[in-house]
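Structure data (compact mmCIF, N, CA and C atoms) from coords26.txt:
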```
# COMPACT_ATOMS: atom_id res chain seq x y z
N MET A 1 -23.28 8.64 29.24
CA MET A 1 -24.57 8.25 28.77
C MET A 1 -25.51 8.31 29.98
N PRO A 2 -26.65 8.98 29.86
CA PRO A 2 -27.58 9.05 30.98
C PRO A 2 -28.15 7.68 31.34
N THR A 3 -28.30 7.46 32.62
CA THR A 3 -28.86 6.20 33.12
C THR A 3 -30.39 6.29 33.14
N PRO A 4 -31.08 5.15 33.30
CA PRO A 4 -32.54 5.22 33.44
C PRO A 4 -32.95 6.13 34.61
N ARG A 5 -32.20 6.09 35.70
CA ARG A 5 -32.52 6.94 36.84
C ARG A 5 -32.41 8.42 36.45
N ALA A 6 -31.39 8.76 35.69
CA ALA A 6 -31.20 10.15 35.25
C ALA A 6 -32.36 10.61 34.36
N HIS A 7 -33.02 9.65 33.71
CA HIS A 7 -34.18 9.98 32.88
C HIS A 7 -35.49 10.00 33.69
N GLY A 8 -35.38 9.80 35.00
CA GLY A 8 -36.55 9.87 35.86
C GLY A 8 -37.34 8.59 35.98
N ILE A 9 -36.77 7.47 35.54
CA ILE A 9 -37.46 6.19 35.66
C ILE A 9 -37.34 5.70 37.10
N ASP A 10 -38.46 5.40 37.70
CA ASP A 10 -38.52 4.95 39.09
C ASP A 10 -37.79 3.62 39.26
N LYS A 11 -36.98 3.52 40.31
CA LYS A 11 -36.19 2.31 40.55
C LYS A 11 -37.08 1.08 40.75
N ASP A 12 -38.13 1.21 41.54
CA ASP A 12 -39.02 0.07 41.77
C ASP A 12 -39.68 -0.39 40.47
N GLU A 13 -40.07 0.57 39.64
CA GLU A 13 -40.69 0.23 38.36
C GLU A 13 -39.69 -0.46 37.44
N TRP A 14 -38.45 0.05 37.40
CA TRP A 14 -37.39 -0.56 36.58
C TRP A 14 -37.19 -2.03 36.96
N PHE A 15 -37.06 -2.27 38.28
CA PHE A 15 -36.79 -3.64 38.71
C PHE A 15 -38.03 -4.53 38.64
N ARG A 16 -39.20 -3.93 38.70
CA ARG A 16 -40.44 -4.71 38.50
C ARG A 16 -40.50 -5.21 37.06
N LEU A 17 -40.07 -4.38 36.13
CA LEU A 17 -40.13 -4.73 34.72
C LEU A 17 -38.89 -5.46 34.21
N LEU A 18 -37.88 -5.60 35.06
CA LEU A 18 -36.64 -6.25 34.66
C LEU A 18 -36.86 -7.66 34.09
N PRO A 19 -37.67 -8.52 34.68
CA PRO A 19 -37.88 -9.84 34.07
C PRO A 19 -38.49 -9.76 32.67
N LEU A 20 -39.42 -8.84 32.46
CA LEU A 20 -40.02 -8.68 31.15
C LEU A 20 -39.00 -8.17 30.13
N MET A 21 -38.22 -7.17 30.52
CA MET A 21 -37.19 -6.64 29.62
C MET A 21 -36.19 -7.73 29.26
N THR A 22 -35.82 -8.54 30.26
CA THR A 22 -34.87 -9.63 30.05
C THR A 22 -35.44 -10.65 29.08
N GLU A 23 -36.70 -10.94 29.20
CA GLU A 23 -37.36 -11.90 28.31
C GLU A 23 -37.44 -11.36 26.88
N GLN A 24 -37.71 -10.08 26.75
CA GLN A 24 -37.90 -9.49 25.43
C GLN A 24 -36.59 -9.19 24.69
N ALA A 25 -35.51 -9.01 25.42
CA ALA A 25 -34.24 -8.63 24.79
C ALA A 25 -33.78 -9.62 23.71
N PRO A 26 -33.72 -10.92 23.99
CA PRO A 26 -33.27 -11.85 22.95
C PRO A 26 -34.22 -11.86 21.73
N ALA A 27 -35.50 -11.70 21.98
CA ALA A 27 -36.48 -11.69 20.89
C ALA A 27 -36.32 -10.47 19.99
N SER A 28 -35.74 -9.39 20.52
CA SER A 28 -35.56 -8.18 19.72
C SER A 28 -34.48 -8.35 18.65
N GLY A 29 -33.60 -9.33 18.86
CA GLY A 29 -32.51 -9.55 17.92
C GLY A 29 -31.27 -8.74 18.22
N SER A 30 -31.37 -7.73 19.08
CA SER A 30 -30.23 -6.87 19.38
C SER A 30 -29.03 -7.61 19.96
N PRO A 31 -29.23 -8.55 20.89
CA PRO A 31 -28.05 -9.24 21.44
C PRO A 31 -27.23 -9.96 20.37
N ALA A 32 -27.86 -10.36 19.29
CA ALA A 32 -27.13 -11.06 18.24
C ALA A 32 -26.14 -10.14 17.52
N ASN A 33 -26.29 -8.83 17.70
CA ASN A 33 -25.38 -7.87 17.07
C ASN A 33 -24.09 -7.68 17.88
N SER A 34 -24.02 -8.31 19.03
CA SER A 34 -22.85 -8.19 19.89
C SER A 34 -21.84 -9.26 19.51
N PRO A 35 -20.54 -8.96 19.65
CA PRO A 35 -19.53 -9.99 19.35
C PRO A 35 -19.65 -11.20 20.28
N VAL A 36 -20.15 -10.97 21.48
CA VAL A 36 -20.38 -12.06 22.43
C VAL A 36 -21.86 -12.02 22.80
N VAL A 37 -22.59 -13.04 22.42
CA VAL A 37 -24.03 -13.06 22.68
C VAL A 37 -24.24 -13.40 24.16
N PRO A 38 -24.87 -12.49 24.92
CA PRO A 38 -25.06 -12.74 26.35
C PRO A 38 -26.16 -13.76 26.61
N THR A 39 -26.01 -14.43 27.75
CA THR A 39 -27.06 -15.35 28.20
C THR A 39 -28.19 -14.52 28.81
N VAL A 40 -29.31 -15.15 29.07
CA VAL A 40 -30.43 -14.45 29.71
C VAL A 40 -30.02 -13.92 31.08
N ASP A 41 -29.26 -14.71 31.83
CA ASP A 41 -28.80 -14.26 33.14
C ASP A 41 -27.87 -13.04 33.02
N GLU A 42 -27.02 -13.04 32.01
CA GLU A 42 -26.13 -11.90 31.79
C GLU A 42 -26.91 -10.65 31.39
N ILE A 43 -27.94 -10.83 30.58
CA ILE A 43 -28.78 -9.70 30.19
C ILE A 43 -29.45 -9.10 31.41
N GLN A 44 -30.00 -9.96 32.27
CA GLN A 44 -30.67 -9.48 33.47
C GLN A 44 -29.68 -8.73 34.37
N ASP A 45 -28.48 -9.25 34.50
CA ASP A 45 -27.45 -8.59 35.31
C ASP A 45 -27.07 -7.23 34.71
N LEU A 46 -26.96 -7.18 33.40
CA LEU A 46 -26.64 -5.90 32.74
C LEU A 46 -27.74 -4.86 32.99
N TYR A 47 -28.99 -5.27 32.85
CA TYR A 47 -30.10 -4.34 33.13
C TYR A 47 -30.05 -3.85 34.57
N ALA A 48 -29.74 -4.73 35.50
CA ALA A 48 -29.66 -4.32 36.91
C ALA A 48 -28.52 -3.31 37.10
N GLN A 49 -27.39 -3.53 36.44
CA GLN A 49 -26.25 -2.62 36.56
C GLN A 49 -26.52 -1.27 35.88
N ILE A 50 -27.26 -1.29 34.80
CA ILE A 50 -27.52 -0.08 34.02
C ILE A 50 -28.30 0.96 34.82
N TYR A 51 -29.17 0.51 35.70
CA TYR A 51 -30.03 1.48 36.41
C TYR A 51 -29.21 2.54 37.13
N ALA A 52 -28.16 2.11 37.80
CA ALA A 52 -27.24 2.99 38.55
C ALA A 52 -27.99 4.13 39.17
```
As structure tokens, please, write out the structure in this file.
Amino acid sequence: MPTPRAHGIDKDEWFRLLPLMTEQAPASGSPANSPVVPTVDEIQDLYAQIYA
């Protein structure tokens, strides 16, 4: 699966927006579709790892 970097998303921009993405993720309802609902800290960590 291509990473955000592979799609040309700037690393500084990704990490600048990381708090906003983390805040919006639970509101989207998507985490509730997971067998284990992640905490906000886990979501933020996942976003940081995804950039690769």
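The spacing separating atom CA of Tyr51 of chain A from atom C of Pro4 of chain A amounts to 5.8 Å.
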For Ala6 of chain A, list every protein, DNA or RNA residue within 8 Å, evaluated using all atoms listed in the file, and leave out those in the same chain fewer than 4 positions away; present the list as a ChimeraX atom specification. /A:1-2,51-52
Selected residue of minimal separation from Asp45 of chain A among A:Leu18, A:Ala32, A:Ile9, A:Ala27, counting only C-alpha atoms: A:Leu18
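Taking atom N of Trp14 of chain A and atom CA of Val36 of chain A as the two end points, the separation is 26.4 Å.
Pairwise distance (atom C of Ser28 of chain A, atom CA of Asp10 of chain A) equals 24.7 Å.
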